[in-house]
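Raw contents of coords_34.txt, compact mmCIF, C-alpha atoms (C1' of nucleotides):
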```txt
# COMPACT_ATOMS: atom_id res chain seq x y z
CA MET A 21 -67.44 104.05 -42.68
CA THR A 22 -70.17 104.99 -45.08
CA LYS A 23 -70.37 108.48 -43.63
CA GLY A 24 -67.37 109.26 -41.53
CA LYS A 25 -65.08 111.95 -40.31
CA THR A 26 -63.25 112.41 -43.59
CA ASP A 27 -66.33 113.29 -45.63
CA PHE A 28 -65.17 116.75 -46.61
CA LYS A 29 -63.27 118.11 -49.54
CA PRO A 30 -61.07 120.96 -48.39
CA VAL A 31 -59.75 121.61 -51.89
CA GLY A 32 -59.18 119.53 -54.92
CA SER A 33 -60.53 116.56 -56.82
CA PRO A 34 -58.47 113.42 -57.28
CA ALA A 35 -57.51 114.63 -60.76
CA GLU A 36 -56.30 117.93 -59.34
CA PHE A 37 -54.21 116.11 -56.77
CA ALA A 38 -52.65 114.09 -59.55
CA GLU A 39 -51.80 117.27 -61.42
CA ALA A 40 -50.38 118.98 -58.36
CA ALA A 41 -48.32 115.89 -57.64
CA GLU A 42 -46.92 116.03 -61.18
CA CYS A 43 -45.85 119.63 -60.69
CA LEU A 44 -44.27 118.84 -57.35
CA LYS A 45 -42.46 115.84 -58.76
CA THR A 46 -41.01 118.12 -61.38
CA LEU A 47 -39.79 120.50 -58.70
CA ALA A 48 -38.43 117.73 -56.52
CA HIS A 49 -34.87 117.53 -57.81
CA PRO A 50 -31.86 119.39 -56.40
CA VAL A 51 -30.66 120.71 -59.76
CA ARG A 52 -34.14 121.74 -60.81
CA LEU A 53 -34.72 123.56 -57.53
CA ARG A 54 -31.52 125.51 -58.04
CA ILE A 55 -32.49 126.34 -61.62
CA VAL A 56 -35.87 127.62 -60.47
CA GLN A 57 -34.18 129.73 -57.85
CA LEU A 58 -31.83 131.25 -60.39
CA LEU A 59 -34.51 131.91 -62.96
CA LEU A 60 -36.63 133.65 -60.35
CA LYS A 61 -33.79 136.15 -60.11
CA GLY A 62 -33.20 136.65 -63.82
CA ARG A 63 -32.80 135.29 -67.28
CA TYR A 64 -30.14 132.69 -68.03
CA THR A 65 -28.89 130.51 -70.85
CA VAL A 66 -28.64 126.74 -70.74
CA GLY A 67 -24.87 126.96 -70.47
CA GLU A 68 -24.92 129.40 -67.58
CA LEU A 69 -27.39 127.26 -65.64
CA ALA A 70 -25.46 124.10 -66.42
CA GLU A 71 -22.25 125.57 -65.14
CA ASP A 72 -23.79 126.95 -61.97
CA CYS A 73 -25.29 123.54 -61.24
CA SER A 74 -22.15 121.64 -62.25
CA VAL A 75 -23.91 119.43 -64.73
CA PRO A 76 -23.26 118.89 -68.46
CA ASP A 77 -25.18 121.08 -70.88
CA ASN A 78 -27.37 118.30 -72.17
CA VAL A 79 -28.45 117.35 -68.67
CA ALA A 80 -29.40 120.94 -67.91
CA SER A 81 -31.23 121.06 -71.20
CA GLU A 82 -33.29 118.03 -70.26
CA HIS A 83 -34.19 119.46 -66.86
CA LEU A 84 -35.28 122.66 -68.56
CA ARG A 85 -37.35 120.77 -71.07
CA LEU A 86 -39.14 118.90 -68.27
CA MET A 87 -39.96 122.08 -66.43
CA GLN A 88 -41.01 123.84 -69.59
CA ARG A 89 -43.42 120.99 -70.39
CA CYS A 90 -44.92 121.67 -66.99
CA GLY A 91 -45.43 125.33 -67.81
CA PHE A 92 -42.78 126.65 -65.43
CA PHE A 93 -40.62 128.38 -68.04
CA THR A 94 -40.54 129.81 -71.51
CA SER A 95 -37.48 130.09 -73.72
CA GLU A 96 -36.24 132.47 -76.37
CA ARG A 97 -33.39 131.90 -78.75
CA GLU A 98 -30.96 134.76 -79.17
CA GLY A 99 -28.31 133.92 -81.64
CA ARG A 100 -26.82 130.61 -80.71
CA ARG A 101 -27.95 130.90 -77.12
CA VAL A 102 -31.32 130.09 -75.63
CA TYR A 103 -32.55 132.11 -72.69
CA TYR A 104 -35.01 130.66 -70.21
CA GLN A 105 -37.31 132.63 -67.92
CA VAL A 106 -40.08 131.96 -65.44
CA ALA A 107 -43.61 131.72 -66.83
CA GLU A 108 -45.59 130.17 -63.96
CA PRO A 109 -46.60 132.93 -61.52
CA HIS A 110 -46.98 130.59 -58.54
CA LEU A 111 -43.38 129.42 -58.71
CA LYS A 112 -42.17 132.38 -56.70
CA LYS A 113 -44.58 131.76 -53.82
CA ILE A 114 -43.78 128.08 -53.69
CA MET A 115 -40.05 128.69 -53.83
CA ASP A 116 -40.42 131.15 -50.96
CA CYS A 117 -42.16 128.45 -48.94
CA ILE A 118 -39.43 125.98 -49.73
CA GLU A 119 -36.66 128.42 -48.90
CA GLY A 120 -38.37 129.42 -45.67
CA GLY A 121 -39.24 125.89 -44.63
CA PHE A 122 -37.79 122.85 -46.30
CA LEU A 123 -34.39 124.33 -47.01
CA SER A 124 -33.85 124.03 -43.30
CA CYS A 125 -35.71 120.87 -42.33
CA ALA A 126 -32.46 119.00 -41.82
CA ASP A 127 -31.65 115.54 -40.52
CA ARG A 128 -34.46 113.74 -42.25
CA ASN A 129 -34.13 110.39 -43.95
CA ALA A 130 -31.55 109.17 -41.52
CA SER A 131 -31.66 105.41 -41.27
CA MET B 27 -17.35 131.58 -67.18
CA THR B 28 -15.00 131.58 -64.24
CA LYS B 29 -16.83 134.48 -62.66
CA GLY B 30 -20.21 135.01 -64.20
CA LYS B 31 -23.73 136.18 -63.62
CA THR B 32 -24.77 133.25 -61.48
CA ASP B 33 -22.17 133.77 -58.77
CA PHE B 34 -24.64 134.30 -55.97
CA LYS B 35 -26.28 132.07 -53.42
CA PRO B 36 -29.80 133.27 -52.80
CA VAL B 37 -30.46 130.54 -50.27
CA GLY B 38 -29.21 127.06 -49.74
CA SER B 39 -26.16 124.89 -50.22
CA PRO B 40 -26.19 121.91 -52.55
CA ALA B 41 -26.80 119.66 -49.57
CA GLU B 42 -29.78 121.74 -48.53
CA PHE B 43 -31.22 121.55 -52.01
CA ALA B 44 -30.88 117.79 -51.88
CA GLU B 45 -32.73 117.72 -48.60
CA ALA B 46 -35.48 120.00 -49.81
CA ALA B 47 -35.83 117.86 -52.93
CA GLU B 48 -36.25 114.79 -50.73
CA CYS B 49 -39.05 116.43 -48.79
CA LEU B 50 -40.75 117.56 -51.98
CA LYS B 51 -40.45 114.12 -53.53
CA THR B 52 -42.19 112.75 -50.48
CA LEU B 53 -45.02 115.24 -50.95
CA ALA B 54 -45.27 114.63 -54.67
CA HIS B 55 -47.85 111.85 -54.75
CA PRO B 56 -51.61 112.28 -55.11
CA VAL B 57 -52.49 110.04 -52.18
CA ARG B 58 -49.85 111.57 -49.96
CA LEU B 59 -51.04 115.08 -50.79
CA ARG B 60 -54.55 114.13 -49.80
CA ILE B 61 -53.33 112.55 -46.57
CA VAL B 62 -51.43 115.71 -45.71
CA GLN B 63 -54.51 117.78 -46.40
CA LEU B 64 -56.63 115.60 -44.15
CA LEU B 65 -54.12 115.50 -41.33
CA LEU B 66 -53.83 119.28 -41.41
CA LYS B 67 -57.51 119.31 -40.48
CA GLY B 68 -57.39 116.71 -37.76
CA ARG B 69 -56.24 113.40 -36.43
CA TYR B 70 -56.98 110.19 -38.32
CA THR B 71 -56.28 106.49 -38.21
CA VAL B 72 -54.63 104.50 -40.94
CA GLY B 73 -57.94 102.91 -41.85
CA GLU B 74 -59.79 106.20 -42.10
CA LEU B 75 -57.13 107.69 -44.35
CA ALA B 76 -56.98 104.55 -46.45
CA GLU B 77 -60.70 104.59 -47.03
CA ASP B 78 -60.83 108.27 -47.89
CA CYS B 79 -58.05 107.78 -50.42
CA SER B 80 -59.50 104.54 -51.76
CA VAL B 81 -56.35 102.54 -51.21
CA PRO B 82 -55.76 99.35 -49.21
CA ASP B 83 -54.70 99.76 -45.61
CA ASN B 84 -51.18 98.53 -46.16
CA VAL B 85 -50.62 101.02 -48.96
CA ALA B 86 -51.80 103.87 -46.75
CA SER B 87 -49.57 102.55 -44.01
CA GLU B 88 -46.55 102.68 -46.30
CA HIS B 89 -47.28 106.22 -47.41
CA LEU B 90 -47.59 107.22 -43.78
CA ARG B 91 -44.32 105.54 -42.92
CA LEU B 92 -42.55 107.43 -45.73
CA MET B 93 -43.87 110.76 -44.56
CA GLN B 94 -43.14 109.98 -40.95
CA ARG B 95 -39.54 109.16 -41.85
CA CYS B 96 -39.41 112.64 -43.34
CA GLY B 97 -40.62 114.21 -40.12
CA PHE B 98 -44.03 115.23 -41.41
CA PHE B 99 -46.08 113.24 -38.92
CA THR B 100 -46.07 111.52 -35.59
CA SER B 101 -48.25 108.61 -34.58
CA GLU B 102 -49.84 107.38 -31.39
CA ARG B 103 -51.38 104.03 -30.79
CA GLU B 104 -54.75 103.97 -29.07
CA GLY B 105 -55.97 100.49 -28.57
CA ARG B 106 -55.72 98.65 -31.84
CA ARG B 107 -55.78 101.86 -33.85
CA VAL B 108 -52.93 104.18 -34.66
CA TYR B 109 -53.60 107.89 -35.00
CA TYR B 110 -51.40 110.09 -37.14
CA GLN B 111 -51.01 113.84 -36.83
CA VAL B 112 -48.92 116.62 -38.33
CA ALA B 113 -45.55 117.29 -36.75
CA GLU B 114 -43.78 119.49 -39.32
CA PRO B 115 -44.87 123.09 -38.82
CA HIS B 116 -44.08 124.15 -42.39
CA LEU B 117 -46.47 121.63 -43.91
CA LYS B 118 -49.41 123.95 -43.52
CA LYS B 119 -47.76 126.82 -45.35
CA ILE B 120 -46.61 124.62 -48.19
CA MET B 121 -49.99 122.97 -48.52
CA ASP B 122 -51.57 126.42 -48.68
CA CYS B 123 -49.23 127.31 -51.54
CA ILE B 124 -50.09 124.11 -53.34
CA GLU B 125 -53.81 124.56 -52.85
CA GLY B 126 -53.63 128.16 -53.96
CA GLY B 127 -51.42 127.51 -56.92
CA PHE B 128 -50.70 124.05 -58.22
CA LEU B 129 -54.09 122.60 -57.46
CA SER B 130 -55.27 124.77 -60.33
CA CYS B 131 -52.36 124.76 -62.75
CA ALA B 132 -54.25 122.53 -65.16
CA ASP B 133 -53.47 121.24 -68.63
CA ARG B 134 -49.83 120.54 -68.01
CA ASN B 135 -48.05 117.46 -69.26
CA ALA B 136 -50.13 117.26 -72.39
CA SER B 137 -48.18 115.58 -75.13
C1' DT C 8 -18.86 126.50 -97.21
C1' DT C 9 -16.29 125.37 -93.29
C1' DG C 10 -15.41 125.11 -88.43
C1' DA C 11 -16.54 126.35 -83.83
C1' DC C 12 -20.06 126.93 -80.63
C1' DA C 13 -24.70 126.27 -78.19
C1' DT C 14 -28.45 123.55 -77.64
C1' DC C 15 -31.34 119.61 -78.31
C1' DT C 16 -32.64 114.75 -79.01
C1' DC C 17 -32.22 109.87 -78.66
C1' DG C 18 -31.04 105.11 -77.11
C1' DT C 19 -29.28 102.73 -73.40
C1' DT C 20 -28.56 101.56 -68.74
C1' DA C 21 -28.62 101.70 -63.71
C1' DG C 22 -31.23 102.78 -59.92
C1' DG C 23 -35.42 104.19 -57.62
C1' DT C 24 -40.52 104.01 -56.73
C1' DT C 25 -45.15 101.96 -56.40
C1' DA C 26 -48.56 98.64 -55.68
C1' DC C 27 -49.67 94.10 -54.49
C1' DG C 28 -50.13 89.87 -51.83
C1' DA C 29 -48.64 87.36 -48.10
C1' DT C 30 -47.30 87.29 -43.67
C1' DA C 31 -46.10 89.23 -39.08
C1' DT C 32 -47.10 92.04 -34.99
C1' DG C 33 -49.97 94.08 -31.64
C1' DT C 34 -54.65 94.68 -29.32
C1' DT C 35 -59.18 93.62 -27.66
C1' DG C 36 -63.04 90.87 -26.03
C1' DT C 37 -64.62 86.40 -24.81
C1' DA D 6 -55.92 80.84 -25.25
C1' DC D 7 -58.44 82.09 -29.23
C1' DA D 8 -60.58 84.71 -32.93
C1' DA D 9 -61.27 89.05 -35.01
C1' DC D 10 -59.49 93.33 -35.96
C1' DA D 11 -55.95 97.16 -37.06
C1' DT D 12 -51.62 98.08 -38.56
C1' DA D 13 -46.93 97.09 -40.17
C1' DT D 14 -43.41 94.73 -42.85
C1' DC D 15 -41.42 92.22 -46.60
C1' DG D 16 -40.41 90.22 -51.25
C1' DT D 17 -41.58 90.73 -55.85
C1' DA D 18 -42.75 92.63 -60.32
C1' DA D 19 -43.95 96.58 -63.28
C1' DC D 20 -42.97 100.96 -64.07
C1' DC D 21 -40.58 105.46 -64.06
C1' DT D 22 -36.47 108.49 -63.85
C1' DA D 23 -31.85 110.30 -64.29
C1' DA D 24 -27.56 110.41 -66.33
C1' DC D 25 -24.56 109.44 -70.00
C1' DG D 26 -22.57 109.50 -74.62
C1' DA D 27 -23.27 109.98 -79.42
C1' DG D 28 -24.97 112.43 -82.74
C1' DA D 29 -28.41 115.87 -84.82
C1' DT D 30 -29.83 120.65 -85.37
C1' DG D 31 -29.23 125.47 -85.47
C1' DT D 32 -26.27 129.80 -85.48
C1' DC D 33 -22.42 132.65 -86.23
C1' DA D 34 -18.09 134.40 -88.30
C1' DA D 35 -14.74 134.23 -91.66
```

Here is the file; what I need is its structure written in the form of structure tokens.
Amino acid sequence: MTKGKTDFKPVGSPAEFAEAAECLKTLAHPVRLRIVQLLLKGRYTVGELAEDCSVPDNVASEHLRLMQRCGFFTSEREGRRVYYQVAEPHLKKIMDCIEGGFLSCADRNAS
Amino acid sequence: MTKGKTDFKPVGSPAEFAEAAECLKTLAHPVRLRIVQLLLKGRYTVGELAEDCSVPDNVASEHLRLMQRCGFFTSEREGRRVYYQVAEPHLKKIMDCIEGGFLSCADRNAS
DNA sequence: TTGACATCTCGTTAGGTTACGATATGTTGT
DNA sequence: ACAACATATCGTAACCTAACGAGATGTCAA
């Protein structure tokens, strides 16, 4: 196939696909999804998020660091607490898609 | 915090988040994203997809198997070829979000 | 300054994922 | 039946990730 059916580029170079895949990989964790959902509703500290997700503080902190590296969030220290909030404007749209679609695509990955 | 700010459930139980994370993890690969994009435009064989993505046939076949296990695609044999096509109705919406958002969220993951 | 609290960082470890090569299965034409 | 083709499966090795515990850093109040 030197000139076949798939010779079109709907959107995105290979490098852009790699980037998008990185962002998706960062989203693709149950605790991180829940954190995104919470932060889309407001502003929370590490401890609050950790408790809601039932994980130790340092684990929550690492998830937040990952997502911050990806540009999803920013953080502000206030006293001894650190508040996180959403920075990436597309997060809301994507989370809406996930809530409307994949949060109900049950019974997958059955052996 | 026995009764704090995060005591609400916007959408989704822990199990649903785990499921959604599984689906997202399946999407979160450059080659798989490209395959999804192509299959949203039409019907392709393993070999066609493999060539477009510049991967060996068996690698493409494994990606397709993963996504099929997740309910994204179905396949039909026609002669010695196997055609794949989209089965999950939400894929289009999610891919639109990704194309409109994450396929241009550059410069992340810089050290 | 001391102690309690909140968060972050680091090293280690267990488990998961990916790509590859080899081999197996299924299909067609001769 | 045989050879060529298209796809699928499997074992292996390299790599990546997540969670944990220990300890470091930063902040507050007394």

Closest pair table for segment 35-134 of chain B residues within 12 Å of segment 20-25 of chain C, only C-alpha atoms (C1' of nucleotides), as JSON lines:
```
{"residue": "B:Lys51", "atom": "CA", "partner": "C:DT24", "partner_atom": "C1'", "distance": 10.6}
{"residue": "B:Thr52", "atom": "CA", "partner": "C:DT24", "partner_atom": "C1'", "distance": 10.9}
{"residue": "B:Ala54", "atom": "CA", "partner": "C:DT24", "partner_atom": "C1'", "distance": 11.8}
{"residue": "B:His55", "atom": "CA", "partner": "C:DT25", "partner_atom": "C1'", "distance": 10.4}
{"residue": "B:Val57", "atom": "CA", "partner": "C:DT25", "partner_atom": "C1'", "distance": 11.7}
{"residue": "B:Val85", "atom": "CA", "partner": "C:DT25", "partner_atom": "C1'", "distance": 9.3}
{"residue": "B:Ala86", "atom": "CA", "partner": "C:DT25", "partner_atom": "C1'", "distance": 11.9}
{"residue": "B:Glu88", "atom": "CA", "partner": "C:DT25", "partner_atom": "C1'", "distance": 10.2}
{"residue": "B:His89", "atom": "CA", "partner": "C:DT25", "partner_atom": "C1'", "distance": 10.2}
{"residue": "B:Leu92", "atom": "CA", "partner": "C:DT24", "partner_atom": "C1'", "distance": 11.7}
```

With 9 Å as the threshold, what does the neighbourhood of (-50.3, 102.7, -46.0) contain in terms of residues, counting all atoms listed in the file? Coordinates are those of the file; answer as a PyMOL selection string. (chain B and resi 72-73+75-76+81-91) or (chain D and resi 12-13)

Please write the residues from the selection above to a file, keeping C-alpha atoms (C1' of nucleotides), as an mmCIF file, in the coordinates of the input.
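Saved the output as selection-v9.cif:
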```
data_model
loop_
_atom_site.group_PDB
_atom_site.id
_atom_site.type_symbol
_atom_site.label_atom_id
_atom_site.label_comp_id
_atom_site.auth_asym_id
_atom_site.auth_seq_id
_atom_site.Cartn_x
_atom_site.Cartn_y
_atom_site.Cartn_z
ATOM 1 C CA VAL B 72 -54.630 104.500 -40.940
ATOM 2 C CA GLY B 73 -57.940 102.910 -41.850
ATOM 3 C CA LEU B 75 -57.130 107.690 -44.350
ATOM 4 C CA ALA B 76 -56.980 104.550 -46.450
ATOM 5 C CA VAL B 81 -56.350 102.540 -51.210
ATOM 6 C CA PRO B 82 -55.760 99.350 -49.210
ATOM 7 C CA ASP B 83 -54.700 99.760 -45.610
ATOM 8 C CA ASN B 84 -51.180 98.530 -46.160
ATOM 9 C CA VAL B 85 -50.620 101.020 -48.960
ATOM 10 C CA ALA B 86 -51.800 103.870 -46.750
ATOM 11 C CA SER B 87 -49.570 102.550 -44.010
ATOM 12 C CA GLU B 88 -46.550 102.680 -46.300
ATOM 13 C CA HIS B 89 -47.280 106.220 -47.410
ATOM 14 C CA LEU B 90 -47.590 107.220 -43.780
ATOM 15 C CA ARG B 91 -44.320 105.540 -42.920
ATOM 16 C "C1'" DT D 12 -51.620 98.080 -38.560
ATOM 17 C "C1'" DA D 13 -46.930 97.090 -40.170
#
```

Residues of chain D were defined as contacting chain A if any atom lay at most 12 Å from it, counting only C-alpha atoms (C1' of nucleotides); please report them as an MDAnalysis selection string. chainID D and resid 21:27 30:33

Computed interatomic separation between atom CA of Glu74 of chain B and atom CA of Phe99 of chain B (Å):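 Separating atom CA of Glu74 of chain B from atom CA of Phe99 of chain B is a distance of 15.7 Å.
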
What are the residues of chain A that have an atom within 6 Å of an atom of chain B, counting all atoms listed in the file, as an NGL selection string? :A and (36-38 or 40-41 or 44-45 or 48-50 or 89-90 or 110 or 114 or 117 or 121-123 or 128-129)

Residues of chain C within 10 Å of chain A, using only C-alpha atoms (C1' of nucleotides), as a VMD selection string? chain C and resid 12 to 16

The centre and edge lengths of an axis-aligned box containing all atoms of segment 14-22 of chain C present in the file, extended by 6 Å on each side, are to be given in Å to one decimal, as lines of an AutoDock Vina configuration file.
```
center_x = -30.5
center_y = 112.6
center_z = -69.5
size_x = 16.2
size_y = 34.0
size_z = 31.1
```

To one decimal in Å, tell me the separation between atom CA of Leu60 of chain A and atom CA of Glu96 of chain A. 16.1 Å

Which is closest to DT14 of chain D among C:DT8, C:DT32, C:DC17, C:DC27, if we use all atoms listed in the file?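 Selected residue with least distance to DT14 of chain D: C:DT32.
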
May I ask for the distance between atom C1' of DT34 of chain C and atom C1' of DC15 of chain D, given in Å to one decimal place?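 Taking atom C1' of DT34 of chain C and atom C1' of DC15 of chain D, their separation equals 21.9 Å.
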
Can you pull out the residues contacting DC7 of chain D? Cut-off 12 Å, using all atoms listed in the file, and skip same-chain residues under 2 positions away; I want them as a PyMOL selection string. (chain C and resi 35-37) or (chain D and resi 9)

Write a file of the just-selected residues containing C-alpha atoms (C1' of nucleotides), as a PDB file, in the coordinates of the input.
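Okay, this is what ended up in again_39.pdb:
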```pdb
ATOM      1  C1'  DT C  35     -59.180  93.620 -27.660  1.00  0.00           C
ATOM      2  C1'  DG C  36     -63.040  90.870 -26.030  1.00  0.00           C
ATOM      3  C1'  DT C  37     -64.620  86.400 -24.810  1.00  0.00           C
TER       4       DT C  37
ATOM      5  C1'  DA D   9     -61.270  89.050 -35.010  1.00  0.00           C
TER       6       DA D   9
END
```
